[in-house]
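Colleague: Data: work_9.cif, mmCIF, N, CA and C atoms.
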```cif
data_input
loop_
_atom_site.label_atom_id
_atom_site.label_comp_id
_atom_site.auth_asym_id
_atom_site.auth_seq_id
_atom_site.Cartn_x
_atom_site.Cartn_y
_atom_site.Cartn_z
N MET A 1 74.01 69.86 31.49
CA MET A 1 73.43 71.13 31.88
C MET A 1 73.81 72.18 30.84
N SER A 2 72.86 73.03 30.51
CA SER A 2 73.07 74.06 29.50
C SER A 2 73.01 75.44 30.12
N THR A 3 73.54 76.37 29.37
CA THR A 3 73.42 77.77 29.73
C THR A 3 72.73 78.49 28.58
N ALA A 4 71.99 79.53 28.90
CA ALA A 4 71.34 80.34 27.88
C ALA A 4 71.86 81.76 27.99
N VAL A 5 72.19 82.32 26.84
CA VAL A 5 72.68 83.69 26.79
C VAL A 5 71.79 84.45 25.82
N ARG A 6 71.18 85.51 26.31
CA ARG A 6 70.31 86.33 25.47
C ARG A 6 70.98 87.68 25.26
N VAL A 7 71.10 88.07 24.00
CA VAL A 7 71.65 89.37 23.63
C VAL A 7 70.56 90.12 22.89
N GLU A 8 70.16 91.25 23.43
CA GLU A 8 69.04 91.99 22.86
C GLU A 8 69.53 93.16 22.02
N PHE A 9 68.89 93.32 20.87
CA PHE A 9 69.08 94.48 20.00
C PHE A 9 67.88 94.51 19.07
N THR A 10 67.59 95.65 18.51
CA THR A 10 66.41 95.78 17.66
C THR A 10 66.77 96.54 16.39
N GLY A 11 65.87 96.44 15.42
CA GLY A 11 66.01 97.22 14.20
C GLY A 11 67.00 96.64 13.21
N VAL A 12 67.34 95.36 13.33
CA VAL A 12 68.30 94.75 12.41
C VAL A 12 67.58 93.63 11.65
N SER A 13 67.74 93.62 10.36
CA SER A 13 67.16 92.57 9.53
C SER A 13 67.81 91.23 9.87
N ARG A 14 67.00 90.19 9.96
CA ARG A 14 67.53 88.85 10.27
C ARG A 14 68.59 88.43 9.27
N ALA A 15 68.45 88.86 8.03
CA ALA A 15 69.41 88.49 6.98
C ALA A 15 70.79 89.08 7.25
N ARG A 16 70.87 90.14 8.04
CA ARG A 16 72.16 90.79 8.30
C ARG A 16 72.81 90.31 9.58
N ILE A 17 72.17 89.39 10.30
CA ILE A 17 72.70 88.92 11.58
C ILE A 17 73.59 87.71 11.35
N ASP A 18 74.82 87.80 11.84
CA ASP A 18 75.78 86.70 11.74
C ASP A 18 76.13 86.26 13.16
N VAL A 19 75.90 84.97 13.46
CA VAL A 19 76.25 84.45 14.78
C VAL A 19 77.34 83.41 14.64
N PHE A 20 78.16 83.29 15.67
CA PHE A 20 79.25 82.33 15.67
C PHE A 20 79.45 81.83 17.10
N ALA A 21 79.69 80.51 17.20
CA ALA A 21 79.97 79.93 18.52
C ALA A 21 81.11 78.93 18.38
N SER A 22 82.08 79.05 19.26
CA SER A 22 83.12 78.04 19.39
C SER A 22 83.12 77.63 20.86
N ASP A 23 83.97 76.69 21.22
CA ASP A 23 83.96 76.19 22.58
C ASP A 23 84.24 77.27 23.64
N ALA A 24 84.97 78.31 23.26
CA ALA A 24 85.36 79.32 24.24
C ALA A 24 84.91 80.74 23.88
N TYR A 25 84.10 80.87 22.82
CA TYR A 25 83.82 82.21 22.31
C TYR A 25 82.45 82.26 21.66
N LEU A 26 81.69 83.31 21.93
CA LEU A 26 80.42 83.59 21.26
C LEU A 26 80.51 84.96 20.61
N LYS A 27 79.90 85.09 19.42
CA LYS A 27 79.96 86.37 18.72
C LYS A 27 78.67 86.60 17.95
N ILE A 28 78.23 87.85 17.94
CA ILE A 28 77.11 88.28 17.11
C ILE A 28 77.55 89.55 16.39
N ASN A 29 77.40 89.53 15.07
CA ASN A 29 77.65 90.72 14.26
C ASN A 29 76.34 91.05 13.57
N ALA A 30 75.73 92.14 14.01
CA ALA A 30 74.45 92.58 13.46
C ALA A 30 74.54 94.09 13.27
N PRO A 31 75.23 94.52 12.21
CA PRO A 31 75.49 95.94 12.05
C PRO A 31 74.25 96.79 12.27
N PRO A 32 74.35 97.81 13.07
CA PRO A 32 75.54 98.44 13.66
C PRO A 32 75.98 97.83 14.99
N TYR A 33 75.40 96.72 15.38
CA TYR A 33 75.72 96.11 16.67
C TYR A 33 76.79 95.03 16.51
N PHE A 34 77.64 94.94 17.51
CA PHE A 34 78.63 93.87 17.57
C PHE A 34 78.76 93.45 19.04
N TRP A 35 78.66 92.16 19.28
CA TRP A 35 78.77 91.62 20.64
C TRP A 35 79.64 90.38 20.59
N GLN A 36 80.50 90.24 21.61
CA GLN A 36 81.32 89.04 21.72
C GLN A 36 81.57 88.73 23.19
N ALA A 37 81.83 87.44 23.46
CA ALA A 37 82.14 87.04 24.83
C ALA A 37 83.18 85.93 24.79
N ASP A 38 84.30 86.17 25.46
CA ASP A 38 85.29 85.12 25.69
C ASP A 38 84.82 84.40 26.96
N LEU A 39 84.35 83.18 26.78
CA LEU A 39 83.68 82.47 27.86
C LEU A 39 84.63 82.07 28.98
N HIS A 40 84.11 82.16 30.20
CA HIS A 40 84.88 81.80 31.38
C HIS A 40 85.18 80.30 31.41
N HIS A 41 84.19 79.49 30.99
CA HIS A 41 84.35 78.04 30.88
C HIS A 41 83.95 77.63 29.46
N ASP A 42 84.37 76.44 29.04
CA ASP A 42 84.05 75.96 27.70
C ASP A 42 82.62 75.43 27.61
N ILE A 43 82.07 75.55 26.41
CA ILE A 43 80.77 74.98 26.05
C ILE A 43 81.00 73.95 24.95
N ASP A 44 79.96 73.21 24.62
CA ASP A 44 80.03 72.27 23.49
C ASP A 44 79.45 73.00 22.28
N ALA A 45 80.32 73.60 21.49
CA ALA A 45 79.88 74.41 20.36
C ALA A 45 79.11 73.58 19.33
N GLY A 46 79.44 72.31 19.22
CA GLY A 46 78.74 71.45 18.26
C GLY A 46 77.28 71.25 18.60
N GLN A 47 76.92 71.40 19.85
CA GLN A 47 75.54 71.24 20.29
C GLN A 47 74.86 72.58 20.59
N THR A 48 75.57 73.67 20.39
CA THR A 48 75.04 75.00 20.68
C THR A 48 74.09 75.44 19.58
N THR A 49 72.99 76.07 19.98
CA THR A 49 72.04 76.63 19.02
C THR A 49 71.92 78.12 19.25
N ALA A 50 71.60 78.84 18.19
CA ALA A 50 71.34 80.27 18.28
C ALA A 50 69.99 80.53 17.64
N THR A 51 69.10 81.14 18.39
CA THR A 51 67.77 81.47 17.90
C THR A 51 67.69 82.98 17.74
N VAL A 52 67.35 83.40 16.52
CA VAL A 52 67.23 84.82 16.23
C VAL A 52 65.75 85.18 16.22
N ASP A 53 65.39 86.19 16.99
CA ASP A 53 64.01 86.68 16.96
C ASP A 53 64.03 88.19 16.80
N ILE A 54 62.87 88.82 16.92
CA ILE A 54 62.80 90.27 16.65
C ILE A 54 63.49 91.12 17.71
N THR A 55 63.81 90.52 18.87
CA THR A 55 64.45 91.30 19.92
C THR A 55 65.93 91.00 20.08
N GLY A 56 66.44 90.00 19.35
CA GLY A 56 67.86 89.68 19.48
C GLY A 56 68.16 88.22 19.21
N VAL A 57 69.15 87.70 19.93
CA VAL A 57 69.63 86.32 19.74
C VAL A 57 69.70 85.62 21.09
N ILE A 58 69.30 84.35 21.09
CA ILE A 58 69.46 83.52 22.29
C ILE A 58 70.35 82.35 21.92
N PHE A 59 71.49 82.25 22.61
CA PHE A 59 72.36 81.08 22.49
C PHE A 59 71.95 80.08 23.56
N ARG A 60 71.83 78.81 23.20
CA ARG A 60 71.63 77.73 24.17
C ARG A 60 72.82 76.80 23.99
N ALA A 61 73.62 76.69 25.04
CA ALA A 61 74.89 75.98 24.93
C ALA A 61 75.08 75.00 26.08
N PRO A 62 75.33 73.72 25.75
CA PRO A 62 75.66 72.76 26.80
C PRO A 62 77.03 73.09 27.40
N LYS A 63 77.09 73.05 28.71
CA LYS A 63 78.33 73.36 29.42
C LYS A 63 79.25 72.15 29.43
N ARG A 64 80.53 72.38 29.24
CA ARG A 64 81.51 71.29 29.41
C ARG A 64 81.85 71.13 30.90
N VAL A 65 81.77 72.22 31.65
CA VAL A 65 81.97 72.19 33.10
C VAL A 65 80.59 72.39 33.72
N PRO A 66 79.99 71.31 34.26
CA PRO A 66 78.62 71.45 34.79
C PRO A 66 78.58 72.30 36.05
N GLY A 67 77.37 72.68 36.38
CA GLY A 67 77.18 73.44 37.61
C GLY A 67 76.94 74.91 37.34
N PHE A 68 76.90 75.66 38.42
CA PHE A 68 76.64 77.10 38.34
C PHE A 68 77.92 77.84 37.98
N TRP A 69 77.83 78.67 36.96
CA TRP A 69 78.95 79.53 36.59
C TRP A 69 78.71 80.88 37.26
N ASN A 70 79.70 81.36 37.97
CA ASN A 70 79.51 82.66 38.62
C ASN A 70 79.71 83.82 37.64
N ARG A 71 80.17 83.52 36.45
CA ARG A 71 80.30 84.55 35.42
C ARG A 71 80.28 83.90 34.05
N LEU A 72 79.83 84.65 33.06
CA LEU A 72 79.78 84.16 31.69
C LEU A 72 81.13 84.32 31.00
N ALA A 73 81.68 85.51 31.11
CA ALA A 73 82.90 85.84 30.36
C ALA A 73 84.12 85.90 31.28
N ILE A 74 85.26 85.75 30.64
CA ILE A 74 86.53 85.85 31.36
C ILE A 74 86.70 87.28 31.86
N ASP A 75 87.15 87.39 33.07
CA ASP A 75 87.46 88.70 33.64
C ASP A 75 88.85 89.11 33.16
N PRO A 76 88.96 90.20 32.40
CA PRO A 76 90.26 90.61 31.89
C PRO A 76 91.25 91.00 33.00
N MET A 77 90.75 91.17 34.21
CA MET A 77 91.64 91.45 35.33
C MET A 77 92.29 90.16 35.85
N VAL A 78 91.69 89.02 35.54
CA VAL A 78 92.20 87.73 36.01
C VAL A 78 93.14 87.11 34.98
N MET A 79 92.84 87.27 33.71
CA MET A 79 93.66 86.69 32.64
C MET A 79 94.11 87.83 31.73
N ASP A 80 95.38 87.81 31.33
CA ASP A 80 95.86 88.92 30.50
C ASP A 80 95.27 88.84 29.09
N LYS A 81 95.21 89.99 28.45
CA LYS A 81 94.57 90.14 27.14
C LYS A 81 95.17 89.19 26.11
N ALA A 82 96.48 89.04 26.09
CA ALA A 82 97.13 88.16 25.11
C ALA A 82 96.67 86.71 25.29
N ALA A 83 96.54 86.26 26.52
CA ALA A 83 96.09 84.89 26.79
C ALA A 83 94.64 84.71 26.37
N ILE A 84 93.82 85.73 26.60
CA ILE A 84 92.41 85.67 26.19
C ILE A 84 92.32 85.56 24.67
N VAL A 85 93.07 86.40 23.97
CA VAL A 85 93.05 86.39 22.50
C VAL A 85 93.58 85.06 21.97
N GLN A 86 94.62 84.54 22.56
CA GLN A 86 95.18 83.26 22.13
C GLN A 86 94.16 82.13 22.32
N ARG A 87 93.48 82.13 23.47
CA ARG A 87 92.46 81.11 23.74
C ARG A 87 91.31 81.24 22.74
N ARG A 88 90.88 82.48 22.47
CA ARG A 88 89.80 82.73 21.51
C ARG A 88 90.19 82.23 20.12
N GLU A 89 91.39 82.60 19.67
CA GLU A 89 91.83 82.20 18.33
C GLU A 89 91.97 80.69 18.20
N ALA A 90 92.47 80.04 19.24
CA ALA A 90 92.59 78.57 19.21
C ALA A 90 91.20 77.94 19.12
N SER A 91 90.25 78.49 19.85
CA SER A 91 88.88 77.99 19.83
C SER A 91 88.23 78.21 18.47
N ILE A 92 88.44 79.37 17.89
CA ILE A 92 87.89 79.67 16.55
C ILE A 92 88.53 78.75 15.51
N ASP A 93 89.85 78.59 15.57
CA ASP A 93 90.53 77.69 14.63
C ASP A 93 89.99 76.27 14.73
N ALA A 94 89.79 75.79 15.95
CA ALA A 94 89.25 74.43 16.15
C ALA A 94 87.85 74.32 15.57
N ALA A 95 87.03 75.36 15.74
CA ALA A 95 85.67 75.35 15.19
C ALA A 95 85.70 75.31 13.66
N HIS A 96 86.60 76.09 13.07
CA HIS A 96 86.73 76.10 11.61
C HIS A 96 87.23 74.74 11.10
N GLU A 97 88.17 74.12 11.81
CA GLU A 97 88.66 72.80 11.43
C GLU A 97 87.54 71.75 11.49
N LYS A 98 86.71 71.81 12.54
CA LYS A 98 85.57 70.89 12.66
C LYS A 98 84.59 71.10 11.51
N ALA A 99 84.33 72.36 11.19
CA ALA A 99 83.39 72.66 10.10
C ALA A 99 83.95 72.17 8.76
N GLU A 100 85.24 72.35 8.54
CA GLU A 100 85.87 71.89 7.30
C GLU A 100 85.85 70.36 7.22
N ALA A 101 86.13 69.69 8.33
CA ALA A 101 86.09 68.23 8.36
C ALA A 101 84.67 67.73 8.08
N ALA A 102 83.66 68.40 8.64
CA ALA A 102 82.27 68.02 8.40
C ALA A 102 81.90 68.24 6.94
N ARG A 103 82.37 69.34 6.36
CA ARG A 103 82.11 69.62 4.95
C ARG A 103 82.73 68.54 4.06
N LYS A 104 83.98 68.17 4.35
CA LYS A 104 84.67 67.13 3.57
C LYS A 104 83.97 65.78 3.75
N GLN A 105 83.52 65.48 4.95
CA GLN A 105 82.81 64.22 5.20
C GLN A 105 81.51 64.18 4.41
N LYS A 106 80.81 65.31 4.36
CA LYS A 106 79.55 65.37 3.61
C LYS A 106 79.81 65.15 2.12
N ILE A 107 80.86 65.76 1.58
CA ILE A 107 81.22 65.56 0.18
C ILE A 107 81.57 64.10 -0.07
N PHE A 108 82.36 63.50 0.83
CA PHE A 108 82.74 62.09 0.70
C PHE A 108 81.49 61.20 0.69
N GLU A 109 80.58 61.44 1.62
CA GLU A 109 79.36 60.63 1.70
C GLU A 109 78.49 60.82 0.46
N GLN A 110 78.42 62.05 -0.06
CA GLN A 110 77.64 62.30 -1.27
C GLN A 110 78.24 61.55 -2.46
N LYS A 111 79.57 61.56 -2.58
CA LYS A 111 80.23 60.84 -3.68
C LYS A 111 80.02 59.34 -3.53
N ARG A 112 80.11 58.84 -2.30
CA ARG A 112 79.90 57.41 -2.06
C ARG A 112 78.46 57.04 -2.41
N TYR A 113 77.50 57.87 -2.04
CA TYR A 113 76.09 57.62 -2.36
C TYR A 113 75.91 57.58 -3.88
N GLU A 114 76.48 58.56 -4.58
CA GLU A 114 76.36 58.61 -6.03
C GLU A 114 77.00 57.38 -6.68
N LYS A 115 78.16 56.95 -6.15
CA LYS A 115 78.83 55.76 -6.67
C LYS A 115 77.97 54.52 -6.44
N ASP A 116 77.41 54.38 -5.25
CA ASP A 116 76.53 53.25 -4.95
C ASP A 116 75.31 53.27 -5.86
N LEU A 117 74.75 54.44 -6.08
CA LEU A 117 73.58 54.58 -6.94
C LEU A 117 73.93 54.17 -8.38
N THR A 118 75.10 54.58 -8.84
CA THR A 118 75.56 54.21 -10.18
C THR A 118 75.71 52.69 -10.29
N HIS A 119 76.33 52.07 -9.27
CA HIS A 119 76.47 50.61 -9.28
C HIS A 119 75.11 49.92 -9.27
N GLN A 120 74.18 50.44 -8.51
CA GLN A 120 72.84 49.85 -8.48
C GLN A 120 72.17 49.96 -9.85
N THR A 121 72.36 51.10 -10.50
CA THR A 121 71.79 51.30 -11.84
C THR A 121 72.42 50.32 -12.83
N PHE A 122 73.76 50.17 -12.77
CA PHE A 122 74.43 49.21 -13.65
C PHE A 122 73.93 47.80 -13.39
N ASP A 123 73.79 47.43 -12.13
CA ASP A 123 73.31 46.09 -11.79
C ASP A 123 71.89 45.86 -12.31
N LEU A 124 71.03 46.86 -12.15
CA LEU A 124 69.66 46.74 -12.64
C LEU A 124 69.64 46.61 -14.16
N ASP A 125 70.42 47.44 -14.84
CA ASP A 125 70.50 47.35 -16.30
C ASP A 125 71.03 45.99 -16.74
N SER A 126 72.02 45.51 -16.04
CA SER A 126 72.60 44.20 -16.36
C SER A 126 71.56 43.09 -16.20
N ARG A 127 70.80 43.15 -15.11
CA ARG A 127 69.75 42.13 -14.89
C ARG A 127 68.66 42.23 -15.96
N LYS A 128 68.31 43.45 -16.36
CA LYS A 128 67.31 43.63 -17.42
C LYS A 128 67.82 43.05 -18.74
N ARG A 129 69.10 43.35 -19.07
CA ARG A 129 69.68 42.80 -20.30
C ARG A 129 69.71 41.28 -20.26
N ALA A 130 70.08 40.72 -19.12
CA ALA A 130 70.13 39.26 -18.98
C ALA A 130 68.74 38.66 -19.15
N GLU A 131 67.72 39.31 -18.60
CA GLU A 131 66.35 38.81 -18.75
C GLU A 131 65.90 38.90 -20.20
N ILE A 132 66.22 39.99 -20.86
CA ILE A 132 65.87 40.13 -22.28
C ILE A 132 66.57 39.05 -23.10
N GLU A 133 67.85 38.82 -22.83
CA GLU A 133 68.60 37.77 -23.55
C GLU A 133 67.99 36.40 -23.27
N ARG A 134 67.58 36.16 -22.04
CA ARG A 134 66.97 34.87 -21.69
C ARG A 134 65.66 34.68 -22.46
N LEU A 135 64.83 35.72 -22.50
CA LEU A 135 63.57 35.64 -23.22
C LEU A 135 63.79 35.48 -24.72
N LYS A 136 64.80 36.16 -25.27
CA LYS A 136 65.13 36.01 -26.69
C LYS A 136 65.57 34.58 -26.99
N ALA A 137 66.36 34.02 -26.09
CA ALA A 137 66.83 32.64 -26.28
C ALA A 137 65.65 31.66 -26.26
N ILE A 138 64.71 31.88 -25.35
CA ILE A 138 63.52 31.02 -25.29
C ILE A 138 62.71 31.16 -26.58
N GLU A 139 62.53 32.38 -27.03
CA GLU A 139 61.77 32.64 -28.25
C GLU A 139 62.46 32.00 -29.46
N LEU A 140 63.78 32.12 -29.53
CA LEU A 140 64.55 31.52 -30.62
C LEU A 140 64.42 30.00 -30.60
N GLU A 141 64.48 29.41 -29.44
CA GLU A 141 64.34 27.96 -29.29
C GLU A 141 62.97 27.51 -29.74
N GLN A 142 61.95 28.28 -29.35
CA GLN A 142 60.58 27.93 -29.77
C GLN A 142 60.44 28.07 -31.29
N ALA A 143 61.08 29.09 -31.86
CA ALA A 143 61.00 29.28 -33.31
C ALA A 143 61.69 28.13 -34.04
N LYS A 144 62.80 27.62 -33.50
CA LYS A 144 63.51 26.51 -34.11
C LYS A 144 62.65 25.24 -34.09
N ARG A 145 61.88 25.09 -33.07
CA ARG A 145 61.01 23.91 -32.94
C ARG A 145 59.72 24.05 -33.75
N GLY A 146 59.50 25.25 -34.26
CA GLY A 146 58.30 25.49 -35.05
C GLY A 146 57.09 25.76 -34.21
N ASN A 147 57.30 26.14 -33.00
CA ASN A 147 56.18 26.42 -32.11
C ASN A 147 55.67 27.84 -32.24
N LEU A 148 56.27 28.63 -33.05
CA LEU A 148 55.79 30.01 -33.19
C LEU A 148 54.83 30.16 -34.31
#
```
Using structure tokens, write down the structure that the file contains.
Modeller:
Amino acid sequence: MSTAVRVEFTGVSRARIDVFASDAYLKINAPPYFWQADLHHDIDAGQTTATVDITGVIFRAPKRVPGFWNRLAIDPMVMDKAAIVQRREASIDAAHEKAEAARKQKIFEQKRYEKDLTHQTFDLDSRKRAEIERLKAIELEQAKRGNL
């Protein structure tokens, strides 16, 4: 089950809109507008999408805790500010670590692809050289026999 969060604002160039989602935190920075929410329950940030249109941003986020949420954000009267900030920072740090791991994995896969491609090129060149040598040997043999 997913939740959708729509934040409306106007008059901001799409190029200036920065969105961020972690498991416990959503943020939009669209100067002069700034919006953030420390979520009451966790979402799956890896599956969360943000759609920017002329009226604002829509987050679509799969819930980690299914069912009806009676509130989107943590009530600061229920949880103290320090705990909210600590939860937010831990969630942001985890999101950055996931992004860094994904970036490193992509680099690793690109290097592996390039290495495989290089090996394939070497193998192809080697087979071509072997075929040329084979044809030269046949031609030399025919020349020795006087068949040329």
Colleague: Please write as a count of residues only the full residue list that the PyMOL selection byres ((chain A and resi 22-30) around 6) yields on this file.
Modeller: 24
Colleague: For segment 60-79 of chain A, I'd like the enclosing box, axis-aligned and padded by 6 Å on every side, reported as AutoDock Vina command-line options with centre and edge lengths in Å to one decimal.
Modeller:
```
--center_x 82.9 --center_y 81.3 --center_z 30.9 --size_x 34.5 --size_y 32.3 --size_z 27.4
```
Colleague: If you apply the PyMOL selection byres (((chain A and resi 71 and name CA) around 12) and name CA) to this file, what residues do you get, as a list of chain:residue names?
Modeller: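 Selected by the PyMOL selection byres (((chain A and resi 71 and name CA) around 12) and name CA) in this file: A:Thr3, A:Val5, A:Ala37, A:Asp38, A:Leu39, A:His40, A:His41, A:Gly67, A:Phe68, A:Trp69, A:Asn70, A:Leu72, A:Ala73, A:Ile74, A:Asp75.
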Colleague: If you measure from atom C of Ala50 of chain A to atom C of Val7 of chain A, what distance in Å do you get, rounded to one decimal?
Modeller: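 Value for the atom C of Ala50 of chain A-atom C of Val7 of chain A distance: 10.9 Å.
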Colleague: Could you list, as a count of residues only, every residue within 6.5 Å of Arg6 of chain A, counting only N, CA and C atoms and ignoring same-chain residues fewer than 2 positions away?
Modeller: 5
Colleague: Quick one: distance from atom N of Gln105 of chain A to atom C of Pro62 of chain A in Å, one decimal?
Modeller: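 The value is 24.6 Å.
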Colleague: Record the distance separating atom N of Asp53 of chain A and atom N of Gly11 of chain A, expressed in Å with one decimal.
Modeller: 10.4 Å
Colleague: Pick out the residues sitting within 6.5 Å of Phe9 of chain A, and hand them over as a list of chain:residue names; count only N, CA and C atoms, and ignore anything fewer than 3 positions along from it in its own chain.
Modeller: A:Val12, A:Ile54, A:Thr55, A:Gly56, A:Val57
Colleague: Give me, as JSON, numbers by chain, the residues of chain A that a backbone DSSP run labels alpha helix (DSSP H).
Modeller: {"A": [81, 82, 83, 84, 85, 86, 87, 88, 89, 90, 91, 92, 93, 94, 95, 96, 97, 98, 99, 100, 101, 102, 103, 104, 105, 106, 107, 108, 109, 110, 111, 112, 113, 114, 115, 116, 117, 118, 119, 120, 121, 122, 123, 124, 125, 126, 127, 128, 129, 130, 131, 132, 133, 134, 135, 136, 137, 138, 139, 140, 141, 142, 143, 144, 145]}
Colleague: May I ask you to restore all heavy atoms in segment 33-41 of chain A and write the result as a tab-separated table (two decimals), in the coordinates of the input?
Modeller:
```tsv
chain	number	residue	atom	x	y	z
A	33	TYR	N	75.40	96.72	15.38
A	33	TYR	CA	75.72	96.11	16.67
A	33	TYR	C	76.79	95.03	16.51
A	33	TYR	O	76.82	94.30	15.53
A	33	TYR	CB	74.48	95.48	17.32
A	33	TYR	CG	73.35	96.44	17.51
A	33	TYR	CD1	72.26	96.43	16.65
A	33	TYR	CD2	73.37	97.37	18.54
A	33	TYR	CE1	71.22	97.31	16.81
A	33	TYR	CE2	72.32	98.26	18.72
A	33	TYR	CZ	71.25	98.23	17.84
A	33	TYR	OH	70.21	99.10	18.02
A	34	PHE	N	77.64	94.94	17.51
A	34	PHE	CA	78.63	93.87	17.57
A	34	PHE	C	78.76	93.45	19.04
A	34	PHE	O	78.92	94.29	19.91
A	34	PHE	CB	80.00	94.33	17.06
A	34	PHE	CG	81.05	93.26	17.10
A	34	PHE	CD1	81.09	92.28	16.11
A	34	PHE	CD2	81.97	93.20	18.13
A	34	PHE	CE1	82.04	91.27	16.16
A	34	PHE	CE2	82.92	92.20	18.18
A	34	PHE	CZ	82.96	91.23	17.20
A	35	TRP	N	78.66	92.16	19.28
A	35	TRP	CA	78.77	91.62	20.64
A	35	TRP	C	79.64	90.38	20.59
A	35	TRP	O	79.56	89.57	19.67
A	35	TRP	CB	77.39	91.27	21.18
A	35	TRP	CG	77.40	90.66	22.54
A	35	TRP	CD1	77.37	91.32	23.73
A	35	TRP	CD2	77.46	89.27	22.86
A	35	TRP	NE1	77.40	90.43	24.77
A	35	TRP	CE2	77.46	89.15	24.26
A	35	TRP	CE3	77.52	88.10	22.10
A	35	TRP	CZ2	77.51	87.94	24.93
A	35	TRP	CZ3	77.57	86.88	22.75
A	35	TRP	CH2	77.57	86.81	24.16
A	36	GLN	N	80.50	90.24	21.61
A	36	GLN	CA	81.32	89.04	21.72
A	36	GLN	C	81.57	88.73	23.19
A	36	GLN	O	81.52	89.62	24.03
A	36	GLN	CB	82.64	89.19	20.97
A	36	GLN	CG	83.58	90.22	21.57
A	36	GLN	CD	84.87	90.35	20.79
A	36	GLN	OE1	85.14	89.55	19.90
A	36	GLN	NE2	85.67	91.34	21.12
A	37	ALA	N	81.83	87.44	23.46
A	37	ALA	CA	82.14	87.04	24.83
A	37	ALA	C	83.18	85.93	24.79
A	37	ALA	O	83.00	84.91	24.12
A	37	ALA	CB	80.90	86.54	25.55
A	38	ASP	N	84.30	86.17	25.46
A	38	ASP	CA	85.29	85.12	25.69
A	38	ASP	C	84.82	84.40	26.96
A	38	ASP	O	84.86	84.96	28.05
A	38	ASP	CB	86.68	85.74	25.90
A	38	ASP	CG	87.20	86.35	24.61
A	38	ASP	OD1	87.43	85.58	23.66
A	38	ASP	OD2	87.36	87.58	24.55
A	39	LEU	N	84.35	83.18	26.78
A	39	LEU	CA	83.68	82.47	27.86
A	39	LEU	C	84.63	82.07	28.98
A	39	LEU	O	85.77	81.66	28.73
A	39	LEU	CB	82.96	81.24	27.31
A	39	LEU	CG	81.92	81.55	26.22
A	39	LEU	CD1	81.35	80.26	25.66
A	39	LEU	CD2	80.81	82.44	26.77
A	40	HIS	N	84.11	82.16	30.20
A	40	HIS	CA	84.88	81.80	31.38
A	40	HIS	C	85.18	80.30	31.41
A	40	HIS	O	86.26	79.89	31.81
A	40	HIS	CB	84.11	82.23	32.64
A	40	HIS	CG	84.87	82.08	33.91
A	40	HIS	ND1	85.96	82.86	34.20
A	40	HIS	CD2	84.71	81.23	34.95
A	40	HIS	CE1	86.44	82.50	35.38
A	40	HIS	NE2	85.70	81.52	35.86
A	41	HIS	N	84.19	79.49	30.99
A	41	HIS	CA	84.35	78.04	30.88
A	41	HIS	C	83.95	77.63	29.46
A	41	HIS	O	83.23	78.36	28.78
A	41	HIS	CB	83.46	77.30	31.88
A	41	HIS	CG	83.83	77.53	33.31
A	41	HIS	ND1	84.96	77.03	33.88
A	41	HIS	CD2	83.19	78.21	34.29
A	41	HIS	CE1	85.02	77.38	35.15
A	41	HIS	NE2	83.96	78.12	35.42
```
